[in-house]
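Here is model.txt, consisting of compact mmCIF, C-alpha atoms and all ligand atoms:
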# COMPACT_ATOMS: atom_id res chain seq x y z
CA MET A 12 0.00 0.00 0.00
CA ILE A 13 1.39 3.40 -1.00
CA THR A 14 0.27 6.43 1.00
CA ALA A 15 -0.10 9.61 -1.03
CA TYR A 16 -0.54 12.93 0.76
CA TYR A 17 -3.06 15.29 -0.72
CA HIS A 18 -5.01 18.27 0.61
CA PRO A 19 -7.50 20.40 -1.35
CA GLY A 20 -5.87 23.39 0.32
CA TYR A 21 -2.66 22.84 -1.70
CA ALA A 22 -4.19 25.01 -4.42
CA ALA A 23 -3.97 28.75 -3.82
CA PRO A 24 -6.13 31.02 -5.97
CA ILE A 25 -3.58 32.23 -8.54
CA GLY A 26 -5.99 32.98 -11.38
CA LYS A 27 -5.11 32.10 -14.96
CA HIS A 28 -1.48 31.00 -14.84
CA VAL A 29 0.85 28.73 -16.80
CA MET A 30 1.05 26.57 -13.67
CA PRO A 31 -1.91 24.13 -14.00
CA ILE A 32 -2.82 24.17 -10.33
CA THR A 33 -5.85 21.92 -10.95
CA LYS A 34 -3.56 19.00 -11.78
CA PHE A 35 -3.16 18.08 -8.11
CA SER A 36 -6.88 17.54 -7.54
CA ARG A 37 -7.15 15.68 -10.85
CA VAL A 38 -4.35 13.29 -9.88
CA ALA A 39 -5.92 12.77 -6.44
CA ASP A 40 -9.37 12.15 -7.95
CA ALA A 41 -7.97 9.58 -10.36
CA LEU A 42 -6.31 7.74 -7.48
CA ARG A 43 -9.41 7.53 -5.28
CA GLY A 44 -10.41 3.89 -5.18
CA GLU A 45 -7.18 2.79 -6.87
CA ALA A 46 -6.06 -0.52 -5.36
CA GLY A 47 -2.72 -0.10 -3.63
CA VAL A 48 -2.95 3.67 -3.04
CA ARG A 49 -4.31 5.35 0.09
CA LEU A 50 -4.87 9.12 0.17
CA GLU A 51 -4.19 10.97 3.41
CA GLU A 52 -4.25 14.64 4.34
CA PRO A 53 -1.00 16.07 5.68
CA ARG A 54 -0.73 18.60 8.47
CA PRO A 55 0.74 21.98 7.57
CA VAL A 56 4.38 22.57 8.46
CA THR A 57 5.00 25.09 11.22
CA GLU A 58 6.72 28.44 11.08
CA GLU A 59 9.56 26.80 13.01
CA ASP A 60 9.92 24.25 10.19
CA LEU A 61 10.17 27.08 7.64
CA LEU A 62 12.67 29.08 9.66
CA ARG A 63 15.21 26.24 9.59
CA VAL A 64 15.44 26.87 5.84
CA HIS A 65 14.14 30.37 5.11
CA THR A 66 14.89 33.82 6.45
CA ARG A 67 12.47 35.49 8.84
CA GLU A 68 12.03 38.39 6.38
CA TYR A 69 11.00 36.10 3.53
CA VAL A 70 8.61 34.00 5.64
CA ALA A 71 6.99 37.19 6.97
CA ALA A 72 6.63 38.58 3.43
CA VAL A 73 4.73 35.50 2.24
CA ALA A 74 2.59 35.49 5.39
CA THR A 75 1.61 39.18 5.16
CA GLY A 76 2.06 40.14 1.50
CA GLU A 77 4.58 42.86 2.40
CA PRO A 78 6.93 43.75 0.89
CA ARG A 79 4.97 42.68 -2.14
CA ASP A 80 7.91 42.13 -4.51
CA LEU A 81 9.41 39.63 -2.05
CA ALA A 82 6.02 37.99 -1.38
CA GLU A 83 5.64 37.52 -5.15
CA SER A 84 9.27 36.65 -5.95
CA GLN A 85 8.15 33.15 -7.00
CA LYS A 86 6.03 34.77 -9.74
CA PHE A 87 2.61 34.02 -8.24
CA PRO A 88 0.18 36.81 -7.40
CA TRP A 89 0.11 37.06 -3.59
CA SER A 90 -3.15 36.38 -1.78
CA PRO A 91 -3.97 35.87 1.90
CA GLU A 92 -4.51 32.16 1.13
CA LEU A 93 -1.04 31.67 -0.37
CA TYR A 94 0.80 31.18 2.93
CA ARG A 95 -1.60 28.53 4.21
CA SER A 96 -1.47 26.65 0.89
CA VAL A 97 2.33 26.50 0.92
CA LEU A 98 2.38 25.32 4.53
CA LEU A 99 0.15 22.44 3.43
CA THR A 100 2.19 21.68 0.31
CA ASN A 101 5.41 21.56 2.33
CA GLY A 102 3.50 19.52 4.90
CA GLY A 103 2.75 16.97 2.18
CA CYS A 104 6.48 16.67 1.44
CA LEU A 105 7.30 16.20 5.10
CA ALA A 106 4.51 13.65 5.65
CA ALA A 107 5.59 11.65 2.59
CA ALA A 108 9.24 11.71 3.65
CA ARG A 109 8.31 10.46 7.13
CA ARG A 110 6.02 7.80 5.71
CA ALA A 111 8.76 6.62 3.34
CA ARG A 112 10.94 5.95 6.38
CA SER A 113 8.34 3.55 7.77
CA ASP A 114 6.84 2.09 4.58
CA GLY A 115 9.79 2.28 2.17
CA VAL A 116 7.85 4.44 -0.28
CA ALA A 117 5.32 7.29 -0.17
CA ALA A 118 4.19 10.22 -2.30
CA ALA A 119 3.09 13.82 -1.98
CA ILE A 120 0.63 14.91 -4.67
CA ALA A 121 2.34 18.28 -4.50
CA SER A 122 5.33 20.15 -5.84
CA GLY A 123 8.76 20.06 -4.22
CA PHE A 124 9.54 23.73 -5.00
CA HIS A 125 13.18 23.22 -5.97
CA HIS A 126 13.76 26.80 -7.20
CA SER A 127 13.08 28.26 -3.77
CA HIS A 128 16.07 29.87 -1.99
CA ALA A 129 16.62 30.78 1.67
CA ASP A 130 15.65 34.42 1.25
CA HIS A 131 13.34 34.45 -1.80
CA GLY A 132 11.25 32.34 -4.14
CA GLU A 133 11.76 31.70 -7.84
CA GLY A 134 10.00 29.88 -10.66
CA PHE A 135 6.61 29.22 -8.97
CA CYS A 136 8.43 27.86 -5.89
CA THR A 137 7.67 29.64 -2.62
CA PHE A 138 9.25 27.58 0.19
CA ASN A 139 11.56 24.65 -0.58
CA GLY A 140 9.52 21.70 0.67
CA LEU A 141 12.30 19.24 -0.11
CA VAL A 142 14.72 20.91 2.28
CA VAL A 143 12.02 21.90 4.80
CA ALA A 144 11.15 18.18 5.09
CA ILE A 145 14.77 17.05 5.30
CA ASP A 146 15.70 19.68 7.89
CA ALA A 147 12.67 18.84 10.04
CA MET A 148 13.69 15.18 10.07
CA ILE A 149 17.34 16.02 10.73
CA ALA A 150 16.29 18.28 13.64
CA ALA A 151 14.10 15.51 15.07
CA GLY A 152 16.93 12.99 14.80
CA GLU A 153 14.92 10.82 12.40
CA ILE A 154 17.60 10.83 9.68
CA ARG A 155 21.26 11.78 9.47
CA SER A 156 21.45 12.33 5.71
CA ALA A 157 19.26 12.64 2.65
CA ALA A 158 19.58 12.82 -1.12
CA VAL A 159 17.39 14.51 -3.69
CA LEU A 160 17.08 12.97 -7.16
CA ASP A 161 15.70 15.90 -9.13
CA MET A 162 14.41 14.94 -12.58
CA ASP A 163 12.25 17.95 -13.19
CA LEU A 164 13.04 19.53 -16.57
CA HIS A 165 14.60 22.54 -14.87
CA TYR A 166 17.87 22.70 -12.95
CA GLY A 167 17.08 22.74 -9.22
CA ASN A 168 18.96 25.91 -8.36
CA GLY A 169 17.21 26.59 -5.05
CA THR A 170 17.94 23.17 -3.58
CA ALA A 171 21.54 23.45 -4.80
CA SER A 172 21.97 26.81 -3.08
CA LEU A 173 20.57 25.38 0.17
CA ALA A 174 22.85 22.33 -0.09
CA ARG A 175 25.92 24.58 0.18
CA THR A 176 25.47 24.91 3.95
CA ARG A 177 24.08 21.39 4.49
CA PRO A 178 26.72 18.66 4.31
CA TYR A 179 24.05 16.06 5.17
CA LEU A 180 22.17 16.81 1.92
CA PHE A 181 23.16 15.56 -1.53
CA ASN A 182 21.32 17.16 -4.44
CA LEU A 183 21.45 15.74 -7.94
CA SER A 184 19.70 17.60 -10.75
CA ILE A 185 19.34 16.06 -14.22
CA TYR A 186 17.98 18.86 -16.34
CA GLY A 187 17.05 19.92 -19.87
CA ASN A 188 16.64 23.63 -19.03
CA ASP A 189 19.21 25.46 -16.95
CA TYR A 190 17.83 27.84 -14.33
CA ALA A 191 19.44 30.89 -12.78
CA ALA A 192 18.21 34.15 -11.24
CA ASN A 193 14.53 33.34 -11.82
CA THR A 194 15.09 32.63 -15.52
CA ALA A 195 14.95 29.36 -17.48
CA TYR A 196 17.43 28.72 -20.32
CA ARG A 197 16.53 26.15 -22.97
CA ASP A 198 20.09 26.01 -24.27
CA VAL A 199 22.13 23.97 -21.80
CA ARG A 200 25.42 24.06 -23.74
CA GLU A 201 26.55 26.92 -21.53
CA ARG A 202 26.37 26.08 -17.81
CA ARG A 203 24.96 28.95 -15.77
CA HIS A 204 25.64 27.47 -12.37
CA GLU A 205 28.49 25.87 -10.47
CA ASP A 206 28.33 22.40 -9.02
CA GLY A 207 29.80 21.59 -5.61
CA ILE A 208 30.75 18.43 -3.82
CA ASN A 209 27.20 17.79 -2.53
CA HIS A 210 25.24 19.48 -5.31
CA ARG A 211 25.86 17.96 -8.70
CA SER A 212 24.11 18.27 -12.03
CA ILE A 213 23.94 16.60 -15.42
CA ALA A 214 22.64 18.46 -18.49
CA LEU A 215 20.50 16.77 -21.13
CA PRO A 216 21.12 18.48 -24.48
CA ALA A 217 18.16 19.45 -26.67
CA GLY A 218 16.72 16.46 -28.50
CA SER A 219 17.76 13.96 -25.84
CA GLY A 220 15.62 10.83 -25.78
CA ARG A 221 15.35 7.80 -23.56
CA LYS A 222 18.88 6.56 -24.21
CA GLU A 223 20.53 9.86 -23.21
CA MET A 224 18.23 10.35 -20.22
CA MET A 225 18.81 6.87 -18.87
CA ALA A 226 22.58 7.15 -19.33
CA ALA A 227 22.52 10.42 -17.37
CA MET A 228 20.32 8.79 -14.75
CA GLU A 229 22.68 5.83 -14.27
CA ALA A 230 25.60 8.23 -13.86
CA GLY A 231 23.54 10.25 -11.39
CA LEU A 232 22.52 7.23 -9.34
CA GLU A 233 26.20 6.30 -9.08
CA LEU A 234 26.88 9.79 -7.70
CA ILE A 235 24.15 9.33 -5.10
CA LEU A 236 25.65 6.01 -3.99
CA ALA A 237 29.14 7.50 -3.93
CA SER A 238 27.90 10.32 -1.67
CA GLY A 239 27.29 7.74 1.07
CA ARG A 240 24.16 5.77 1.74
CA PRO A 241 21.47 8.41 2.46
CA ASP A 242 18.79 7.67 5.07
CA LEU A 243 16.16 9.09 2.72
CA LEU A 244 15.78 9.69 -1.02
CA ILE A 245 13.38 12.34 -2.31
CA TYR A 246 12.54 12.02 -5.99
CA GLN A 247 11.28 14.99 -8.00
CA ALA A 248 9.32 13.18 -10.72
CA GLY A 249 8.81 16.14 -13.04
CA ALA A 250 6.27 15.99 -15.85
CA ASP A 251 7.84 18.89 -17.73
CA PRO A 252 10.54 16.88 -19.56
CA TYR A 253 7.61 15.53 -21.63
CA ARG A 254 8.08 16.27 -25.35
CA GLU A 255 4.90 18.35 -25.73
CA ASP A 256 5.65 20.54 -22.72
CA PRO A 257 6.16 24.16 -23.86
CA TYR A 258 9.43 24.36 -21.92
CA SER A 259 10.85 21.01 -23.02
CA PRO A 260 13.45 20.66 -25.78
CA LEU A 261 13.68 16.93 -24.95
CA ASP A 262 12.25 14.03 -26.92
CA LEU A 263 10.62 12.04 -24.13
CA ASP A 264 7.19 10.44 -24.34
CA HIS A 265 4.97 8.86 -21.70
CA GLU A 266 6.68 5.50 -21.93
CA ASP A 267 10.16 7.06 -21.62
CA LEU A 268 9.14 8.85 -18.43
CA ARG A 269 7.61 5.65 -17.05
CA VAL A 270 10.91 3.85 -17.64
CA ARG A 271 12.63 6.70 -15.77
CA ASP A 272 10.25 6.39 -12.84
CA ARG A 273 10.55 2.62 -12.67
CA ARG A 274 14.33 2.90 -12.53
CA ALA A 275 14.15 5.40 -9.66
CA PHE A 276 11.97 3.04 -7.63
CA GLU A 277 14.02 -0.05 -8.52
CA PHE A 278 17.18 1.77 -7.46
CA ALA A 279 15.62 2.69 -4.11
CA ARG A 280 14.41 -0.84 -3.50
CA GLU A 281 17.71 -2.46 -4.56
CA HIS A 282 19.65 -0.31 -2.13
CA GLY A 283 17.11 -0.24 0.67
CA LEU A 284 16.66 3.54 0.44
CA PRO A 285 13.31 4.89 1.62
CA ILE A 286 11.92 6.92 -1.29
CA ALA A 287 9.36 9.73 -1.20
CA TRP A 288 8.36 11.37 -4.44
CA VAL A 289 6.72 14.65 -5.40
CA LEU A 290 5.12 15.61 -8.70
CA ALA A 291 7.16 18.69 -9.64
CA GLY A 292 6.52 20.68 -12.84
CA GLY A 293 4.38 20.00 -15.90
CA TYR A 294 2.91 22.64 -18.21
CA THR A 295 1.63 20.83 -21.32
CA GLU A 296 -1.43 22.76 -22.49
CA ASP A 297 -3.60 19.64 -22.41
CA THR A 298 -3.46 19.10 -18.64
CA SER A 299 -4.69 15.52 -19.02
CA LYS A 300 -1.24 14.69 -20.42
CA VAL A 301 0.44 16.17 -17.35
CA VAL A 302 -1.92 14.15 -15.15
CA ARG A 303 -1.08 11.04 -17.14
CA VAL A 304 2.66 11.44 -16.49
CA HIS A 305 1.98 11.71 -12.76
CA LEU A 306 -0.38 8.72 -12.73
CA ASN A 307 2.23 6.69 -14.61
CA THR A 308 4.65 7.45 -11.77
CA PHE A 309 2.16 5.85 -9.37
CA ALA A 310 1.86 2.84 -11.69
CA ALA A 311 5.65 2.51 -11.78
CA ALA A 312 5.86 2.68 -7.98
CA LEU A 313 3.10 0.10 -7.58
CA GLY A 314 4.88 -2.18 -10.07
CA VAL A 315 8.05 -2.10 -7.98
CA PHE A 316 6.67 -1.94 -4.44
CA ARG A 317 3.41 -3.86 -4.61
ZN ZN B 1 10.29 22.45 -13.98

Full structure transcribed into structure tokens:
Amino acid sequence: MITAYYHPGYAAPIGKHVMPITKFSRVADALRGEAGVRLEEPRPVTEEDLLRVHTREYVAAVATGEPRDLAESQKFPWSPELYRSVLLTNGGCLAAARRARSDGVAAAIASGFHHSHADHGEGFCTFNGLVVAIDAMIAAGEIRSAAVLDMDLHYGNGTASLARTRPYLFNLSIYGNDYAANTAYRDVRERRHEDGINHRSIALPAGSGRKEMMAAMEAGLELILASGRPDLLIYQAGADPYREDPYSPLDLDHEDLRVRDRRAFEFAREHGLPIAWVLAGGYTEDTSKVVRVHLNTFAAALGVFR
């Protein structure tokens, strides 16, 4: 049985936006009654949880809307509901990470928010739920180390920046769009960021298909193993590498992404690593295709962990 954390309050009212915020409820609805999946509501994270990762000024800006440019640095219109929705979304990450430690696998039907930095948001990412979850578990003594396998289309610049002061965190980003200073770059031939010992990245050039992605993934999984055996693996199962996604220069279809997902879960099982996954990005105009990528990730997990 795989527990998936979902809350209707994940969705903040952001109006018409490239981010298809309805996808979370559509994924949850499709999973209701699915054999092998149990939906649970997470509790929101606390302000204390946020303050391990984010500055007091930034947390206050998102809570109050002032200063507005900081409250909207992630490129969402601020509303009084935004703060509560992000507490719940981060809460889903934390609940899934905790559940993975007991069950071996769990999911949050939510985003990880990998572009979020300590003192501001970027790229639709308000607070970095990946690191908020990891730091909460480190603080509680539940884990001593964690790795993030980030296979969203975009380079996870926020998580990488947070890794710099966290030797217990290993971040691996396999990306087809670089990301720096709140801007995505389709052309990855020039690297716009610097890797460090515990934050590594592998670029997928435009046109990459399954063969290139899987080769990058195998190299990345080796890096995760070489970093030491983490007590927890968080997998960003992005839907935006999909070939029809407006941001994606990659040539990956539904089956290619399912192969990717299956490999992530097989790797976790082979090495006894508890794995929690989050949905991450996905912007294909026909949202049903984004939903399908995310549901395929559940099918892959059920195939490995049933
Ligand atoms: Zn993305």

Find the residues near ligand ZN 1 (chain B). Use a cut-off of 10 Å, count only C-alpha atoms and all ligand atoms, and write them as JSON, numbers by chain.
{"A": [122, 124, 125, 126, 134, 135, 136, 161, 162, 163, 164, 165, 166, 167, 186, 187, 188, 189, 190, 195, 247, 248, 249, 250, 251, 252, 258, 259, 291, 292, 293, 294]}

Set out as a tab-separated table a contact list for range 122-220 of chain A and range 89-111 of chain A with a cut-off of 12 Å, giving each residue of range 122-220 of chain A that qualifies its closest atom pair and distance in Å to one decimal, counting only C-alpha atoms, ordered by chain and rising residue number.
residue	atom	partner	partner_atom	distance
A:Ser122	CA	A:Thr100	CA	7.1
A:Gly123	CA	A:Cys104	CA	7.0
A:Phe124	CA	A:Asn101	CA	8.7
A:His125	CA	A:Asn101	CA	11.5
A:Ser127	CA	A:Val97	CA	11.9
A:Gly132	CA	A:Val97	CA	11.8
A:Phe135	CA	A:Val97	CA	11.1
A:Cys136	CA	A:Val97	CA	9.2
A:Thr137	CA	A:Val97	CA	7.1
A:Phe138	CA	A:Val97	CA	7.0
A:Asn139	CA	A:Asn101	CA	7.5
A:Gly140	CA	A:Asn101	CA	4.4
A:Leu141	CA	A:Cys104	CA	6.5
A:Val142	CA	A:Leu105	CA	9.2
A:Val143	CA	A:Asn101	CA	7.1
A:Ala144	CA	A:Leu105	CA	4.3
A:Ile145	CA	A:Leu105	CA	7.5
A:Asp146	CA	A:Leu105	CA	9.5
A:Ala147	CA	A:Leu105	CA	7.8
A:Met148	CA	A:Arg109	CA	7.7
A:Ile149	CA	A:Arg109	CA	11.2
A:Ala151	CA	A:Arg109	CA	11.0
A:Gly152	CA	A:Arg109	CA	11.8
A:Glu153	CA	A:Arg109	CA	8.5
A:Ile154	CA	A:Arg109	CA	9.6
A:Ala157	CA	A:Ala108	CA	10.1
A:Ala158	CA	A:Ala108	CA	11.4
A:Val159	CA	A:Ala108	CA	11.3

Grab the CA of Ala23 in chain A to CA of Arg79 in chain A distance for me, in Å with one decimal place.
16.6 Å

Two-atom distance - CA of Ala118 in chain A, CA of Ala311 in chain A (Å)
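So the answer is 12.3 Å.
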
Closest of A:Ile245, A:Ala191, A:Leu42, A:Val270 to Met225 in chain A - atom-to-atom distances counting only C-alpha atoms
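Residue with the minimum atom-to-atom distance to Met225 in chain A: A:Val270.
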
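Here CA of Leu313 in chain A and CA of Ile13 in chain A stand 7.6 Å from one another.
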
Can you tell me, as a PyMOL selection string, what residues are no more than 10 Å from Glu229 in chain A when counting only C-alpha atoms, ignoring any on the same chain fewer than 5 positions away?
chain A and resi 224+234-235+274-275+278

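Distances from A:Ile208, A:Leu160, A:Ala312, A:Leu261 to Pro241 in chain A were compared using all atoms listed in the file, and the smallest one belongs to A:Leu160.
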
Would you kindly return, as a ChimeraX atom specification, each protein, DNA or RNA residue with an atom no farther than 12 Å from any atom of Asp40 in chain A, considering all atoms listed in the file and excluding same-chain residues fewer than 6 positions away?
/A:15,17-19,33-34,48-50,120,302,306

Pick from A:Asp198, A:Glu233, A:Ser238, A:Ala129, whichever lies nearest to Tyr179 in chain A using all atoms listed in the file
A:Ser238

Just checking: using all atoms listed in the file, which residue out of A:Pro31, A:Gly169, A:Pro88, A:Pro216 ends up closest to Ser299 in chain A?
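Nearest to Ser299 in chain A: A:Pro31.
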